[in-house]
file query-v7.cif (mmCIF, C-alpha atoms, pLDDT in the B column; chains and numbers go by the auth columns)
data_model
#
loop_
_atom_site.group_PDB
_atom_site.id
_atom_site.type_symbol
_atom_site.label_atom_id
_atom_site.label_comp_id
_atom_site.label_asym_id
_atom_site.label_seq_id
_atom_site.Cartn_x
_atom_site.Cartn_y
_atom_site.Cartn_z
_atom_site.B_iso_or_equiv
_atom_site.auth_seq_id
_atom_site.auth_asym_id
ATOM 1 C CA MET A 1 0.000 0.000 0.000 73.00 1 A
ATOM 2 C CA LYS A 2 1.181 3.462 -0.859 83.00 2 A
ATOM 3 C CA ALA A 3 1.621 6.267 1.678 88.00 3 A
ATOM 4 C CA LEU A 4 -1.269 8.658 2.294 91.00 4 A
ATOM 5 C CA THR A 5 -1.384 12.435 2.389 93.00 5 A
ATOM 6 C CA LEU A 6 -2.523 14.026 5.665 94.00 6 A
ATOM 7 C CA LYS A 7 -5.986 14.728 4.199 93.00 7 A
ATOM 8 C CA GLN A 8 -6.356 11.176 2.911 93.00 8 A
ATOM 9 C CA LYS A 9 -5.287 9.814 6.306 93.00 9 A
ATOM 10 C CA ALA A 10 -7.839 12.074 8.047 94.00 10 A
ATOM 11 C CA ILE A 11 -10.626 10.827 5.747 93.00 11 A
ATOM 12 C CA LEU A 12 -9.614 7.192 6.230 92.00 12 A
ATOM 13 C CA ASP A 13 -9.533 7.647 10.030 93.00 13 A
ATOM 14 C CA PHE A 14 -12.988 9.275 9.941 92.00 14 A
ATOM 15 C CA ILE A 15 -14.429 6.427 7.858 89.00 15 A
ATOM 16 C CA GLN A 16 -12.910 3.748 10.104 88.00 16 A
ATOM 17 C CA ASN A 17 -14.086 5.454 13.322 88.00 17 A
ATOM 18 C CA ALA A 18 -17.609 5.988 11.962 82.00 18 A
ATOM 19 C CA HIS A 19 -17.837 2.363 10.828 76.00 19 A
ATOM 20 C CA LYS A 20 -16.461 1.099 14.144 78.00 20 A
ATOM 21 C CA THR A 21 -18.967 3.072 16.242 76.00 21 A
ATOM 22 C CA THR A 22 -22.093 2.814 14.061 70.00 22 A
ATOM 23 C CA GLY A 23 -21.437 -0.154 11.793 66.00 23 A
ATOM 24 C CA ILE A 24 -22.247 2.049 8.804 72.00 24 A
ATOM 25 C CA THR A 25 -19.835 3.604 6.330 77.00 25 A
ATOM 26 C CA PRO A 26 -20.468 7.362 6.105 81.00 26 A
ATOM 27 C CA SER A 27 -21.735 8.897 2.878 81.00 27 A
ATOM 28 C CA TYR A 28 -19.616 11.249 0.780 84.00 28 A
ATOM 29 C CA ARG A 29 -21.750 14.151 2.039 82.00 29 A
ATOM 30 C CA GLN A 30 -21.145 13.159 5.681 86.00 30 A
ATOM 31 C CA ILE A 31 -17.408 12.963 4.992 90.00 31 A
ATOM 32 C CA MET A 32 -17.564 16.358 3.265 89.00 32 A
ATOM 33 C CA ARG A 33 -19.180 17.968 6.325 89.00 33 A
ATOM 34 C CA ALA A 34 -16.834 16.273 8.799 92.00 34 A
ATOM 35 C CA MET A 35 -13.755 17.348 6.856 94.00 35 A
ATOM 36 C CA GLY A 36 -15.056 20.868 6.209 94.00 36 A
ATOM 37 C CA TYR A 37 -14.947 20.566 2.418 92.00 37 A
ATOM 38 C CA ALA A 38 -17.101 22.754 0.186 87.00 38 A
ATOM 39 C CA SER A 39 -18.079 20.038 -2.284 85.00 39 A
ATOM 40 C CA VAL A 40 -18.629 16.313 -2.553 84.00 40 A
ATOM 41 C CA SER A 41 -16.310 16.149 -5.562 88.00 41 A
ATOM 42 C CA THR A 42 -13.344 16.825 -3.263 90.00 42 A
ATOM 43 C CA VAL A 43 -14.323 13.774 -1.224 89.00 43 A
ATOM 44 C CA ALA A 44 -14.753 11.717 -4.409 88.00 44 A
ATOM 45 C CA THR A 45 -11.220 12.651 -5.490 91.00 45 A
ATOM 46 C CA HIS A 46 -9.752 11.592 -2.134 92.00 46 A
ATOM 47 C CA MET A 47 -11.830 8.383 -2.104 90.00 47 A
ATOM 48 C CA ALA A 48 -10.554 7.457 -5.565 89.00 48 A
ATOM 49 C CA ALA A 49 -6.987 8.015 -4.344 91.00 49 A
ATOM 50 C CA LEU A 50 -7.622 5.855 -1.248 91.00 50 A
ATOM 51 C CA GLN A 51 -8.970 3.079 -3.477 89.00 51 A
ATOM 52 C CA LYS A 52 -6.089 3.382 -5.925 89.00 52 A
ATOM 53 C CA LYS A 53 -3.571 3.195 -3.065 90.00 53 A
ATOM 54 C CA GLY A 54 -5.263 0.044 -1.730 87.00 54 A
ATOM 55 C CA HIS A 55 -6.670 1.485 1.505 87.00 55 A
ATOM 56 C CA LEU A 56 -10.344 1.062 0.525 83.00 56 A
ATOM 57 C CA ASP A 57 -12.242 -1.624 -1.383 75.00 57 A
ATOM 58 C CA GLN A 58 -12.934 -0.862 -5.017 63.00 58 A
ATOM 59 C CA ASN A 59 -16.488 -2.182 -4.625 55.00 59 A
ATOM 60 C CA PRO A 60 -17.641 -1.493 -1.069 52.00 60 A
ATOM 61 C CA THR A 61 -21.025 -2.737 0.069 49.00 61 A
ATOM 62 C CA PRO A 62 -23.521 -0.040 -0.854 51.00 62 A
ATOM 63 C CA ALA A 63 -24.977 1.926 2.049 51.00 63 A
ATOM 64 C CA ASN A 64 -28.430 1.441 0.542 51.00 64 A
ATOM 65 C CA ASP A 65 -28.515 -2.337 0.994 60.00 65 A
ATOM 66 C CA LEU A 66 -31.822 -3.676 2.221 67.00 66 A
ATOM 67 C CA THR A 67 -32.067 -5.001 5.762 75.00 67 A
ATOM 68 C CA SER A 68 -34.633 -7.677 6.522 79.00 68 A
ATOM 69 C CA LEU A 69 -36.576 -7.429 9.798 84.00 69 A
ATOM 70 C CA PRO A 70 -39.445 -9.449 11.233 89.00 70 A
ATOM 71 C CA LEU A 71 -42.733 -7.529 11.023 90.00 71 A
ATOM 72 C CA ILE A 72 -44.443 -8.898 14.105 90.00 72 A
ATOM 73 C CA GLY A 73 -47.734 -7.042 14.056 90.00 73 A
ATOM 74 C CA HIS A 74 -49.653 -3.804 14.436 92.00 74 A
ATOM 75 C CA PHE A 75 -49.288 -1.131 17.105 93.00 75 A
ATOM 76 C CA THR A 76 -52.065 1.197 18.231 93.00 76 A
ATOM 77 C CA ASP A 77 -51.106 3.556 21.061 92.00 77 A
ATOM 78 C CA GLY A 78 -52.856 2.555 24.284 90.00 78 A
ATOM 79 C CA GLN A 79 -54.020 -0.816 22.928 90.00 79 A
ATOM 80 C CA PRO A 80 -52.619 -4.343 23.256 85.00 80 A
ATOM 81 C CA LEU A 81 -50.112 -5.292 20.579 84.00 81 A
ATOM 82 C CA GLU A 82 -51.730 -7.117 17.648 85.00 82 A
ATOM 83 C CA ILE A 83 -49.348 -9.952 16.839 85.00 83 A
ATOM 84 C CA SER A 84 -49.685 -11.270 13.295 80.00 84 A
ATOM 85 C CA ALA A 85 -48.287 -14.245 11.446 72.00 85 A
ATOM 86 C CA SER A 86 -44.550 -14.105 11.082 68.00 86 A
ATOM 87 C CA MET A 87 -43.675 -11.868 8.144 78.00 87 A
ATOM 88 C CA GLU A 88 -40.544 -10.082 7.011 79.00 88 A
ATOM 89 C CA THR A 89 -40.163 -6.503 5.869 80.00 89 A
ATOM 90 C CA GLN A 90 -37.302 -4.924 3.982 74.00 90 A
ATOM 91 C CA ILE A 91 -35.979 -1.550 5.054 75.00 91 A
ATOM 92 C CA PRO A 92 -33.663 0.419 2.781 68.00 92 A
ATOM 93 C CA LEU A 93 -30.834 0.987 5.231 67.00 93 A
ATOM 94 C CA GLN A 94 -28.381 -0.666 7.521 62.00 94 A
ATOM 95 C CA LEU A 95 -29.087 -0.691 11.238 64.00 95 A
ATOM 96 C CA PRO A 96 -26.335 0.074 13.727 62.00 96 A
ATOM 97 C CA PRO A 97 -24.940 -3.046 15.398 57.00 97 A
ATOM 98 C CA THR A 98 -26.728 -3.977 18.613 66.00 98 A
ATOM 99 C CA ASP A 99 -26.706 -6.750 21.190 66.00 99 A
ATOM 100 C CA HIS A 100 -30.513 -6.831 21.118 75.00 100 A
ATOM 101 C CA SER A 101 -32.909 -8.091 18.478 86.00 101 A
ATOM 102 C CA CYS A 102 -34.783 -5.639 16.287 87.00 102 A
ATOM 103 C CA TYR A 103 -38.211 -5.922 14.732 89.00 103 A
ATOM 104 C CA ALA A 104 -40.825 -3.796 12.991 91.00 104 A
ATOM 105 C CA LEU A 105 -44.366 -2.817 13.943 93.00 105 A
ATOM 106 C CA ARG A 106 -46.906 -1.240 11.579 93.00 106 A
ATOM 107 C CA VAL A 107 -48.799 1.693 13.139 95.00 107 A
ATOM 108 C CA ARG A 108 -52.566 1.380 13.065 94.00 108 A
ATOM 109 C CA GLY A 109 -54.654 4.480 13.787 93.00 109 A
ATOM 110 C CA ASP A 110 -53.817 8.137 14.263 91.00 110 A
ATOM 111 C CA GLU A 111 -53.431 8.260 18.054 90.00 111 A
ATOM 112 C CA LEU A 112 -49.812 9.389 17.582 90.00 112 A
ATOM 113 C CA ALA A 113 -50.524 11.959 14.833 90.00 113 A
ATOM 114 C CA LEU A 114 -49.540 14.817 17.177 86.00 114 A
ATOM 115 C CA ASP A 115 -46.149 13.089 17.449 88.00 115 A
ATOM 116 C CA ALA A 116 -45.863 12.985 13.627 90.00 116 A
ATOM 117 C CA ILE A 117 -46.460 9.213 13.583 92.00 117 A
ATOM 118 C CA ILE A 118 -49.448 8.234 11.469 94.00 118 A
ATOM 119 C CA ASP A 119 -51.410 5.209 10.325 94.00 119 A
ATOM 120 C CA GLY A 120 -49.239 2.961 8.146 93.00 120 A
ATOM 121 C CA ASP A 121 -45.865 4.158 9.463 94.00 121 A
ATOM 122 C CA LEU A 122 -43.319 1.477 10.255 93.00 122 A
ATOM 123 C CA LEU A 123 -41.742 1.553 13.729 94.00 123 A
ATOM 124 C CA ILE A 124 -38.266 0.027 13.907 91.00 124 A
ATOM 125 C CA ILE A 125 -37.919 -1.303 17.433 92.00 125 A
ATOM 126 C CA GLU A 126 -35.000 -2.618 19.494 91.00 126 A
ATOM 127 C CA ALA A 127 -36.091 -5.203 22.071 91.00 127 A
ATOM 128 C CA ARG A 128 -34.482 -4.100 25.317 90.00 128 A
ATOM 129 C CA SER A 129 -35.869 -3.173 28.703 88.00 129 A
ATOM 130 C CA GLU A 130 -32.977 -1.108 30.065 90.00 130 A
ATOM 131 C CA ILE A 131 -33.077 2.424 28.732 91.00 131 A
ATOM 132 C CA GLU A 132 -31.553 5.824 29.369 91.00 132 A
ATOM 133 C CA THR A 133 -33.626 8.813 30.386 92.00 133 A
ATOM 134 C CA GLY A 134 -34.884 10.654 27.320 91.00 134 A
ATOM 135 C CA GLU A 135 -35.213 7.574 25.103 93.00 135 A
ATOM 136 C CA ILE A 136 -38.479 6.792 23.336 94.00 136 A
ATOM 137 C CA ALA A 137 -39.793 3.432 24.442 95.00 137 A
ATOM 138 C CA LEU A 138 -42.736 1.068 24.338 95.00 138 A
ATOM 139 C CA ALA A 139 -44.028 0.878 27.905 95.00 139 A
ATOM 140 C CA GLN A 140 -46.774 -1.439 29.135 95.00 140 A
ATOM 141 C CA THR A 141 -48.904 0.468 31.660 94.00 141 A
ATOM 142 C CA GLU A 142 -52.403 0.283 33.101 93.00 142 A
ATOM 143 C CA TYR A 143 -53.329 2.620 30.211 91.00 143 A
ATOM 144 C CA GLY A 144 -52.162 0.048 27.656 92.00 144 A
ATOM 145 C CA LEU A 145 -49.007 -0.174 25.568 93.00 145 A
ATOM 146 C CA LEU A 146 -47.716 3.368 25.052 94.00 146 A
ATOM 147 C CA LEU A 147 -44.990 4.829 22.853 95.00 147 A
ATOM 148 C CA ARG A 148 -43.538 7.636 24.959 94.00 148 A
ATOM 149 C CA LYS A 149 -40.374 9.518 25.828 93.00 149 A
ATOM 150 C CA ILE A 150 -39.271 8.122 29.197 95.00 150 A
ATOM 151 C CA GLU A 151 -37.675 10.146 31.984 94.00 151 A
ATOM 152 C CA PHE A 152 -36.666 8.708 35.335 95.00 152 A
ATOM 153 C CA GLN A 153 -37.714 10.868 38.303 94.00 153 A
ATOM 154 C CA GLY A 154 -36.755 9.068 41.487 94.00 154 A
ATOM 155 C CA PRO A 155 -39.228 6.218 42.041 96.00 155 A
ATOM 156 C CA HIS A 156 -41.442 7.503 39.204 96.00 156 A
ATOM 157 C CA LEU A 157 -41.413 7.582 35.431 95.00 157 A
ATOM 158 C CA ARG A 158 -42.511 10.542 33.353 94.00 158 A
ATOM 159 C CA LEU A 159 -44.020 9.303 30.094 94.00 159 A
ATOM 160 C CA SER A 160 -44.217 12.266 27.705 93.00 160 A
ATOM 161 C CA ARG A 161 -45.638 12.602 24.233 89.00 161 A
ATOM 162 C CA ILE A 162 -42.731 12.788 21.806 85.00 162 A
ATOM 163 C CA ARG A 163 -43.494 16.239 20.393 81.00 163 A
ATOM 164 C CA ASN A 164 -45.607 17.621 23.237 75.00 164 A
ATOM 165 C CA PRO A 165 -43.708 17.241 26.528 71.00 165 A
ATOM 166 C CA GLN A 166 -46.419 19.117 28.461 75.00 166 A
ATOM 167 C CA ASN A 167 -48.839 16.249 27.823 77.00 167 A
ATOM 168 C CA ASN A 168 -47.334 13.622 30.110 87.00 168 A
ATOM 169 C CA LEU A 169 -48.134 10.902 32.549 92.00 169 A
ATOM 170 C CA ILE A 170 -46.252 10.329 35.814 94.00 170 A
ATOM 171 C CA ILE A 171 -46.494 6.838 37.273 96.00 171 A
ATOM 172 C CA PRO A 172 -44.502 4.709 39.737 96.00 172 A
ATOM 173 C CA GLN A 173 -41.728 2.734 38.032 94.00 173 A
ATOM 174 C CA SER A 174 -43.291 -0.443 39.406 95.00 174 A
ATOM 175 C CA GLU A 175 -46.423 0.203 37.306 95.00 175 A
ATOM 176 C CA ALA A 176 -44.648 0.230 33.939 94.00 176 A
ATOM 177 C CA ILE A 177 -42.767 -2.438 32.039 94.00 177 A
ATOM 178 C CA ILE A 178 -40.344 -1.099 29.452 95.00 178 A
ATOM 179 C CA GLN A 179 -40.493 -3.532 26.540 93.00 179 A
ATOM 180 C CA ALA A 180 -38.428 -1.922 23.800 94.00 180 A
ATOM 181 C CA THR A 181 -36.993 1.294 22.416 93.00 181 A
ATOM 182 C CA LEU A 182 -37.778 3.108 19.208 92.00 182 A
ATOM 183 C CA ILE A 183 -34.886 3.266 16.742 89.00 183 A
ATOM 184 C CA MET A 184 -36.670 5.016 13.882 89.00 184 A
ATOM 185 C CA VAL A 185 -39.940 5.662 12.103 91.00 185 A
ATOM 186 C CA LEU A 186 -40.231 4.963 8.378 89.00 186 A
ATOM 187 C CA ARG A 187 -42.980 6.292 6.153 88.00 187 A
ATOM 188 C CA GLN A 188 -43.754 5.162 2.640 81.00 188 A
ATOM 189 C CA TYR A 189 -45.272 7.754 0.347 80.00 189 A
ATOM 190 C CA CYS A 190 -47.526 6.529 -2.429 68.00 190 A
ATOM 191 C CA THR A 191 -47.095 8.197 -5.809 53.00 191 A
#
call {"tool": "encode", "arguments": {"input": "query-v7.cif", "output": "C-alpha cells"}}
result
Amino acid sequence: MKALTLKQKAILDFIQNAHKTTGITPSYRQIMRAMGYASVSTVATHMAALQKKGHLDQNPTPANDLTSLPLIGHFTDGQPLEISASMETQIPLQLPPTDHSCYALRVRGDELALDAIIDGDLLIIEARSEIETGEIALAQTEYGLLLRKIEFQGPHLRLSRIRNPQNNLIIPQSEAIIQATLIMVLRQYCT
C-alpha cells in the first residue's frame, strides 16, 4: 500500500471510526461535512486516491442495501399489541450493530398523529428493557401499551408525548414495564 497524504489519512480515520462506532460507512456528504470541504467532488477525489492506493475496497457494500426485519404485528397507542403471522419486511438501510434483536411494527390508527407518527408508518424497534432517560420506548402500563419519551424521576417515570412534553403521565416505576426502544420511524409515500 502506498503512503497517504494528511488529508487522505484524516478521511480514512474518519471512515474507520464511523464504521467502528455505528457499523455504517459514512456517505460522501457526511465525509464532506466532517472534513469541512465545500463540495462532494473533493471527497470523491480523495476516495478514488484511497482506493487506488489500496486502503479502501474498489467495490464497497452499498450503504443502501436492504435489511430484513421481522414484522411482528400492528401497534395502536394505548391498545394491546396485535401480533400477526410471522412476516418479514425490507428496510432500505443498515441498522447500527446492537446486542438486542430488532423488529418492525406497523402503526394502526392516528393516536400518535400529534407526534408525527401516522397510520401505516413502520416503527423500527430494538427489544431491550434497560433504557436511558430521554429515550423513546414502548411501555406497558395500566393505560395500555404506550410509545412515549421516558424520563426517570426518582421512584417515578414521566411518560411524555414525543413532540408535546407538556402532555405527560407520571407513574410509579413499578407500574410500567419497558419492553423496547424506538430506533426510527419509516414512512412510505404513495405516488
call {"tool": "closest_residue", "arguments": {"input": "query-v7.cif", "among": "A:Ser27, A:Pro70, A:Asp115, A:Arg128", "to": "Asn167 in chain A", "atoms": "only C-alpha atoms"}}
result
A:Asp115
call {"tool": "closest_residue", "arguments": {"input": "query-v7.cif", "among": "A:Met1, A:Leu186, A:Val40, A:Ala85", "to": "Gly120 in chain A", "atoms": "only C-alpha atoms"}}
result
A:Leu186
call {"tool": "residues_near_point", "arguments": {"input": "query-v7.cif", "point": "(-41.9, 0.1, 18.1)", "cutoff": "9 Å", "atoms": "only C-alpha atoms", "output": "PyMOL selection string"}}
result
chain A and resi 75+103-107+122-127+137-138+147+180-185
call {"tool": "residues_around", "arguments": {"input": "query-v7.cif", "residues": "Gly73 in chain A", "least_positions_apart": "5", "cutoff": "6 Å", "atoms": "all atoms listed in the file", "output": "PyMOL selection string"}}
result
chain A and resi 82-84+105
call {"tool": "resolve_selection", "arguments": {"input": "query-v7.cif", "expression": "the PyMOL selection byres ((chain A and resi 35) around 9)", "output": "count of residues only"}}
result
12
call {"tool": "resolve_selection", "arguments": {"input": "query-v7.cif", "expression": "the PyMOL selection byres ((chain A and resi 141) around 9)", "output": "list in words"}}
result
Gly78, Ala139, Gln140, Glu142, Tyr143, Gly144, Leu145, Leu146, Ile171, Glu175, Ala176, Ile177 and Ile178 of chain A
call {"tool": "resolve_selection", "arguments": {"input": "query-v7.cif", "expression": "the PyMOL selection byres ((chain A and resi 154) around 12)", "output": "compact mmCIF listing (two decimals) with C-alpha atoms, in the frame of the given file"}}
result
# COMPACT_ATOMS: atom_id res chain seq x y z
CA THR A 133 -33.63 8.81 30.39
CA GLU A 151 -37.67 10.15 31.98
CA PHE A 152 -36.67 8.71 35.34
CA GLN A 153 -37.71 10.87 38.30
CA PRO A 155 -39.23 6.22 42.04
CA HIS A 156 -41.44 7.50 39.20
CA LEU A 157 -41.41 7.58 35.43
CA ARG A 158 -42.51 10.54 33.35
CA ILE A 170 -46.25 10.33 35.81
CA ILE A 171 -46.49 6.84 37.27
CA PRO A 172 -44.50 4.71 39.74
CA GLN A 173 -41.73 2.73 38.03
CA SER A 174 -43.29 -0.44 39.41
call {"tool": "closest_residue", "arguments": {"input": "query-v7.cif", "among": "A:Gln179, A:Gln16, A:Leu50, A:Pro165", "to": "Leu114 in chain A", "atoms": "all atoms listed in the file"}}
result
A:Pro165
call {"tool": "closest_residue", "arguments": {"input": "query-v7.cif", "among": "A:Glu130, A:Asp119, A:Arg29, A:Leu112", "to": "Ile162 in chain A", "atoms": "all atoms listed in the file"}}
result
A:Leu112
call {"tool": "atom_distance", "arguments": {"input": "query-v7.cif", "atom1": "CA of Lys2 in chain A", "atom2": "CA of Ile24 in chain A"}}
result
25.4 Å
call {"tool": "atom_distance", "arguments": {"input": "query-v7.cif", "atom1": "CA of Ile15 in chain A", "atom2": "CA of Gly54 in chain A"}}
result
14.7 Å
call {"tool": "closest_residue", "arguments": {"input": "query-v7.cif", "among": "A:Ala38, A:Asp77, A:Ala18, A:Glu132", "to": "Asp110 in chain A", "atoms": "all atoms listed in the file"}}
result
A:Asp77
call {"tool": "atom_distance", "arguments": {"input": "query-v7.cif", "atom1": "CA of Ser41 in chain A", "atom2": "CA of His55 in chain A"}}
result
18.9 Å
call {"tool": "closest_residue", "arguments": {"input": "query-v7.cif", "among": "A:Ile118, A:Met87, A:Leu56, A:Lys149", "to": "Gln188 in chain A", "atoms": "only C-alpha atoms"}}
result
A:Ile118
call {"tool": "axis_aligned_box", "arguments": {"input": "query-v7.cif", "around": "range 121-135 of chain A", "padding_each_side": "6 Å", "output": "lines of an AutoDock Vina configuration file"}}
result
center_x = -38.7
center_y = 2.7
center_z = 19.9
size_x = 26.3
size_y = 27.9
size_z = 32.9
call {"tool": "residues_around", "arguments": {"input": "query-v7.cif", "residues": "Thr89 in chain A", "least_positions_apart": "3", "cutoff": "6 Å", "atoms": "only C-alpha atoms", "output": "number ranges by chain"}}
result
A: 68-69, 71
